[in-house]
Amino acid sequence: MAGKATIIIQGTAWGVRETQNGKRYLSVSMSPGYRDRNGNWVSQPEQYYSVRPAGYANLNPVFDQIAQLRQNQDQFVDVTIVGEISGLDAYTNKKGEPAASCNVNASAVAITNVRQKGGGQSQGYGAQGGYTQQTQGGYQQSQPPASDPWANGGSDPEF
C-alpha cells in the first residue's frame, strides 16, 4: 500500500496569510541550487510554498511567532517544514519564466534562524515543536529573494 511522501523544506517565511474562508497559511520561498564540479554555487529557479497545518497539527503558536517577527520587514525568518505536498499550481511569473507554487500540509514548522536584512547576524533559534536541529554536511543555506514575492497582489491559494 502506497503512503504519501513526506518532504522537508528549508526556506524563508514571508508571513502568515489568511484565505477568504479564514484559514491561516504560511508563505515560504526557497532558492534551491547545487555545487558544480568546480565548487561553484549554481542557483535554480525560486520555489514557493503555501504551508497550512495538517488536520491534526496545531501550528498557531509558531504562526503567531512568525507573524510577530515579520512585523519588522528588515528581519528574515528561516524555517524548516515537515509535511506533504497537497497541490501544485504552475504559472508564468512577471519575468515570463515558468514557476510553480506548492500547497503543503505541514505536521511541523520550526523557526531555525532570524536574519537581519543586509546580512546582520541572527538571533539563535533552535528547532521547536519536538524536532531537533541537525547540521547537514555540505548544505548550502538558500538566500531569500530581495523582496516579498507575495507582496504584489499574488493570488491567494484556495484550500
# chains A, B, ... in the order shown; residues from 1 in each chain; ligands from 1
$ select_by_dssp --residues "segment 1-130 of chain A" --states "alpha helix (DSSP H)" --output "PyMOL selection string"
chain A and resi 60-70
$ atom_distance --atom1 "atom CA of Gly55 of chain A" --atom2 "atom CA of Gln75 of chain A"
29.7 Å
$ atom_distance --atom1 "atom CA of Val104 of chain A" --atom2 "atom CA of Lys117 of chain A"
26.8 Å
$ closest_residue --among "A:Thr19, A:Asn38, A:Gln65, A:Gln47" --to "Pro98 of chain A" --atoms "only C-alpha atoms"
A:Gln47
